[in-house]
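Right, one structure below, let's go through it.
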Amino acid sequence: MSTLAERAETASGYRAGRTLPLRVELVRQLKRRRTLVMGAVLAVLPFVLLIAFAVGGEPGGRNNQVTLMDTATASGANFAAVNLFVSAGFLLVIPVALFCGDTVASEAGWSSLRYLLAAPVPRARLLWSKLVVALGLSLAAMVLLPVVALVVGTAAYGWGPLQIPTGGVLDAGTAAQRLVVVVAYIFVSQLVTAGLAFWLSTKTDAPLGAVGGAVGLTIVGNVLDAVTALGDWRHFLPAHWQFAWADAVQPRPEWAGMIQGAAISVTYALVLFALAFRGFARKDIVS
């Protein structure tokens, strides 16, 4: 005797791959208030830093040491790089955790998850659609910040080369290309947070629990990386490599740290995504 799923698959016009199209899920997520608020926060940050520099004056080196922050007002490229520097450690973690941790848990919290599956949308298809859209929104958030910062910085400080704190400059065209590499690396390095949030989202009906759990575990990773007594064990922590992108904005970029950091991040993320799909496939959906 055939099962309901088998009958659904043989029903006229039914295609599992066409259920819950990405564009439908994307529109649903774009209309949500948390998406609009997160986008507004990231777009406003460059203006906040611009006002801070205008009020406090141009930054200057301390103890004869020049940092990236001290070059913020040198050009639009420098201003964009500083925005990434102050955001990569924590602020950019939040949209990733929010978009990936809220996506499934919110459906369960609204008691609409079982109705989506009864459409019938295959469980793997539902997770795939939600994961792709969540990662897409996370990437868009990371692109939005430097783009707005580059526009604001160029308007305020002019279009010019990126001044490197350690000495030397990168012409504007090369600097723009390097910033693209930086954004790509930051996105890859945040895949661990995305994996944690997505996995937790399939385990709980509370979106805040999934989002908060992912952010909390990310903070724990940063704390552990600060414990120098761990020695070489810190190399296995994704947090240890979160600022390896700084090697890309040098006259001669170094890729070793970024490659190792990306490899560790992708490895952890794939394991967490696999756990999410495996657990959700066997989960009893009651909400």
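In the structure tokens, chains take the letters A, B, ... in the order shown, each chain's residues start at 1, and ligands count up from 1 in the order shown.
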* To do: Any chance you could list, as an MDAnalysis selection string, the residues in region 70-277 of chain A that come up alpha helix (DSSP H) when DSSP is run on the backbone?
  => chainID A and resid 76:88 93:109 113:117 123:157 172:189 191:201 207:225 256:277
* **Shortest interatomic distance to Ala175 (chain A) - which of A:Val249, A:Val96, A:Val41, A:Ala124, counting only C-alpha atoms** => A:Val249
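For the pair CA of Phe85 (chain A) and CA of Gly167 (chain A), the separation is 18.0 Å.
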* Trp128 (chain A) environment, 12 Å, only C-alpha atoms, sequence neighbours closer than 4 positions dropped, as a list in words -> Gly17, Thr19, Leu20, Pro21, Leu22, Glu25, Cys100, Thr103, Val104, Val121, Pro122, Arg123, Ala124, Val132, Val133, Ala134, Leu135, Phe198, Phe273, Ala274, Ala276, Phe277 and Phe280 of chain A
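Going from CA of Gln190 (chain A) to CA of Ser265 (chain A) covers 7.3 Å.
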* Residue neighbourhood Gln242 (chain A), 8 Å, only C-alpha atoms, exclusion window fewer than 4 positions, as a PyMOL selection string -> chain A and resi 88-89+186+189+238+261
Keeping all heavy atoms for every residue in the selection just given, could you write it to a file as a CSV table (one decimal), in the first residue's frame?
```csv
chain,number,residue,atom,x,y,z
A,88,ALA,N,33.7,43.4,12.4
A,88,ALA,CA,33.8,41.9,12.1
A,88,ALA,C,33.8,41.1,13.3
A,88,ALA,O,33.3,39.9,13.3
A,88,ALA,CB,35.2,41.7,11.4
A,89,GLY,N,34.3,41.6,14.5
A,89,GLY,CA,34.4,40.8,15.7
A,89,GLY,C,33.1,40.5,16.3
A,89,GLY,O,32.9,39.4,16.9
A,186,ILE,N,35.3,37.4,5.5
A,186,ILE,CA,34.5,37.6,6.7
A,186,ILE,C,33.3,36.7,6.6
A,186,ILE,O,32.8,36.1,7.6
A,186,ILE,CB,34.2,39.1,6.9
A,186,ILE,CG1,35.4,39.9,7.2
A,186,ILE,CG2,33.2,39.2,8.0
A,186,ILE,CD1,35.2,41.4,7.3
A,189,SER,N,34.2,33.2,7.2
A,189,SER,CA,34.6,33.0,8.6
A,189,SER,C,33.4,32.9,9.5
A,189,SER,O,33.4,32.4,10.6
A,189,SER,CB,35.6,34.1,9.1
A,189,SER,OG,34.9,35.3,9.1
A,238,PRO,N,37.7,28.9,15.3
A,238,PRO,CA,37.5,29.8,14.2
A,238,PRO,C,37.8,31.3,14.6
A,238,PRO,O,38.2,32.1,13.7
A,238,PRO,CB,36.0,29.6,13.9
A,238,PRO,CG,35.7,28.2,14.3
A,238,PRO,CD,36.6,28.0,15.5
A,261,GLY,N,42.1,29.7,8.1
A,261,GLY,CA,40.8,30.1,8.7
A,261,GLY,C,39.6,29.7,8.0
A,261,GLY,O,38.6,29.2,8.6
```
* Which residue, A:Leu131, A:Leu208, A:Ile51, A:Leu98, has the smallest gap to Thr35 (chain A) when you use only C-alpha atoms? -> A:Leu98
* Excluding same-chain residues fewer than 3 positions from Val192 (chain A), what lies within 6 Å of it counting only C-alpha atoms, as a PyMOL selection string? -> chain A and resi 195+265+268-269
Those same residues - N, CA and C atoms - I'd like them written as a PDB file, in the first residue's frame.
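Printed below is selection.pdb as written:
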```pdb
ATOM      1  N   GLY A 195      26.152  28.043  10.917  1.00  0.00           N
ATOM      2  CA  GLY A 195      25.874  26.634  11.175  1.00  0.00           C
ATOM      3  C   GLY A 195      25.314  26.405  12.563  1.00  0.00           C
ATOM      4  N   SER A 265      36.634  27.087   9.265  1.00  0.00           N
ATOM      5  CA  SER A 265      35.263  27.571   9.318  1.00  0.00           C
ATOM      6  C   SER A 265      34.327  26.709   8.464  1.00  0.00           C
ATOM      7  N   TYR A 268      33.754  23.155  10.132  1.00  0.00           N
ATOM      8  CA  TYR A 268      32.774  23.199  11.223  1.00  0.00           C
ATOM      9  C   TYR A 268      31.366  23.433  10.689  1.00  0.00           C
ATOM     10  N   ALA A 269      31.231  24.341   9.732  1.00  0.00           N
ATOM     11  CA  ALA A 269      29.918  24.689   9.205  1.00  0.00           C
ATOM     12  C   ALA A 269      29.259  23.495   8.517  1.00  0.00           C
TER      13      ALA A 269
END
```
* To do: Do a neighbour search on Gly153 (chain A) at 7 Å with only C-alpha atoms, toss out local chain neighbours closer than 4 positions, and write the hits as a ChimeraX atom specification.
  => /A:75-76,79-80,149,157-158
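Ranking A:Leu275, A:Trp245, A:Pro253, A:Ala77 by their shortest atom-to-atom distance to Val151 (chain A), with only C-alpha atoms included, puts A:Ala77 first.
The interatomic distance for the pair CA of Ala97 (chain A) and CA of Leu272 (chain A) works out to 13.6 Å.
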* Name all residues at most 10 Å from Asn222 (chain A) (count only C-alpha atoms; drop same-chain ones fewer than 3 positions away) and give them as a ChimeraX atom specification. => /A:89-90,216-219,225-227,234,237-240,242
Would you export the selected residues with N, CA, C and O atoms as a short mmCIF file (atom, residue, chain, number, x, y, z; two decimals), in the first residue's frame, please?
```cif
data_model
loop_
_atom_site.label_atom_id
_atom_site.label_comp_id
_atom_site.auth_asym_id
_atom_site.auth_seq_id
_atom_site.Cartn_x
_atom_site.Cartn_y
_atom_site.Cartn_z
N GLY A 89 34.30 41.62 14.48
CA GLY A 89 34.40 40.80 15.67
C GLY A 89 33.07 40.48 16.32
O GLY A 89 32.91 39.42 16.91
N PHE A 90 32.08 41.39 16.21
CA PHE A 90 30.81 41.14 16.90
C PHE A 90 29.59 41.58 16.09
O PHE A 90 28.65 40.81 15.92
N GLY A 216 26.12 33.52 21.76
CA GLY A 216 26.81 33.17 23.00
C GLY A 216 27.98 32.24 22.77
O GLY A 216 29.07 32.44 23.33
N LEU A 217 27.78 31.22 21.94
CA LEU A 217 28.87 30.28 21.66
C LEU A 217 29.99 30.95 20.87
O LEU A 217 31.17 30.61 21.03
N THR A 218 29.63 31.90 20.01
CA THR A 218 30.65 32.65 19.29
C THR A 218 31.49 33.48 20.25
O THR A 218 32.73 33.57 20.12
N ILE A 219 30.83 34.09 21.24
CA ILE A 219 31.55 34.87 22.24
C ILE A 219 32.47 33.96 23.06
O ILE A 219 33.61 34.32 23.37
N ASP A 225 39.91 31.98 22.68
CA ASP A 225 41.05 32.37 21.85
C ASP A 225 41.97 33.34 22.59
O ASP A 225 43.16 33.41 22.30
N ALA A 226 41.41 34.06 23.55
CA ALA A 226 42.21 35.00 24.33
C ALA A 226 43.02 34.31 25.43
O ALA A 226 43.89 34.93 26.04
N VAL A 227 42.74 33.03 25.68
CA VAL A 227 43.47 32.27 26.70
C VAL A 227 44.75 31.74 26.07
O VAL A 227 44.76 30.68 25.43
N ARG A 234 44.49 26.86 20.08
CA ARG A 234 43.68 27.99 19.62
C ARG A 234 43.58 28.02 18.09
O ARG A 234 42.65 28.63 17.55
N LEU A 237 40.31 27.03 16.70
CA LEU A 237 39.16 27.88 16.97
C LEU A 237 38.94 28.84 15.80
O LEU A 237 39.86 29.54 15.40
N PRO A 238 37.73 28.88 15.25
CA PRO A 238 37.47 29.84 14.15
C PRO A 238 37.76 31.28 14.55
O PRO A 238 38.20 32.07 13.72
N ALA A 239 37.55 31.60 15.83
CA ALA A 239 37.78 32.96 16.28
C ALA A 239 39.25 33.37 16.16
O ALA A 239 39.56 34.56 16.02
N HIS A 240 40.13 32.41 16.18
CA HIS A 240 41.56 32.71 16.11
C HIS A 240 41.93 33.34 14.76
O HIS A 240 42.94 34.06 14.67
N GLN A 242 39.69 35.18 12.76
CA GLN A 242 38.67 36.11 12.28
C GLN A 242 39.24 37.41 11.70
O GLN A 242 38.59 38.06 10.89
#
```
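Comparing the minimum interatomic distances between Pro46 (chain A) and each of A:Gln29, A:Thr154, A:Gln163, A:Ser129, counting only C-alpha atoms, we find that A:Thr154 sits nearest.
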* Asked: Could you pull out all residues of region 121-224 of chain A with a DSSP call of strand (DSSP E) and give them as a ChimeraX atom specification?
  -> /A:162-163,169-170
Deliver the residues from the most recent selection as a file, using N, CA and C atoms, as a compact mmCIF listing (two decimals), in the first residue's frame.
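Output file result-v5.txt is given in full below:
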```txt
# COMPACT_ATOMS: atom_id res chain seq x y z
N LEU A 162 44.35 53.49 -0.45
CA LEU A 162 44.23 52.98 0.91
C LEU A 162 45.60 53.02 1.57
N GLN A 163 45.72 53.80 2.62
CA GLN A 163 46.98 53.91 3.33
C GLN A 163 47.11 52.77 4.34
N VAL A 169 50.99 52.19 0.32
CA VAL A 169 49.60 52.46 -0.07
C VAL A 169 49.17 51.47 -1.14
N LEU A 170 47.84 51.33 -1.26
CA LEU A 170 47.25 50.57 -2.34
C LEU A 170 46.40 51.53 -3.15
```
* To do: Rank nothing, just name the residue among A:Ser138, A:Thr166, A:Thr193, A:Gln260 nearest to Pro95 (chain A), using only C-alpha atoms.
  => A:Ser138
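The residue that comes closest to Val148 (chain A), out of A:Gly257, A:Gly160, A:Pro207, A:Gly39 and on the basis of only C-alpha atoms, is A:Gly39.
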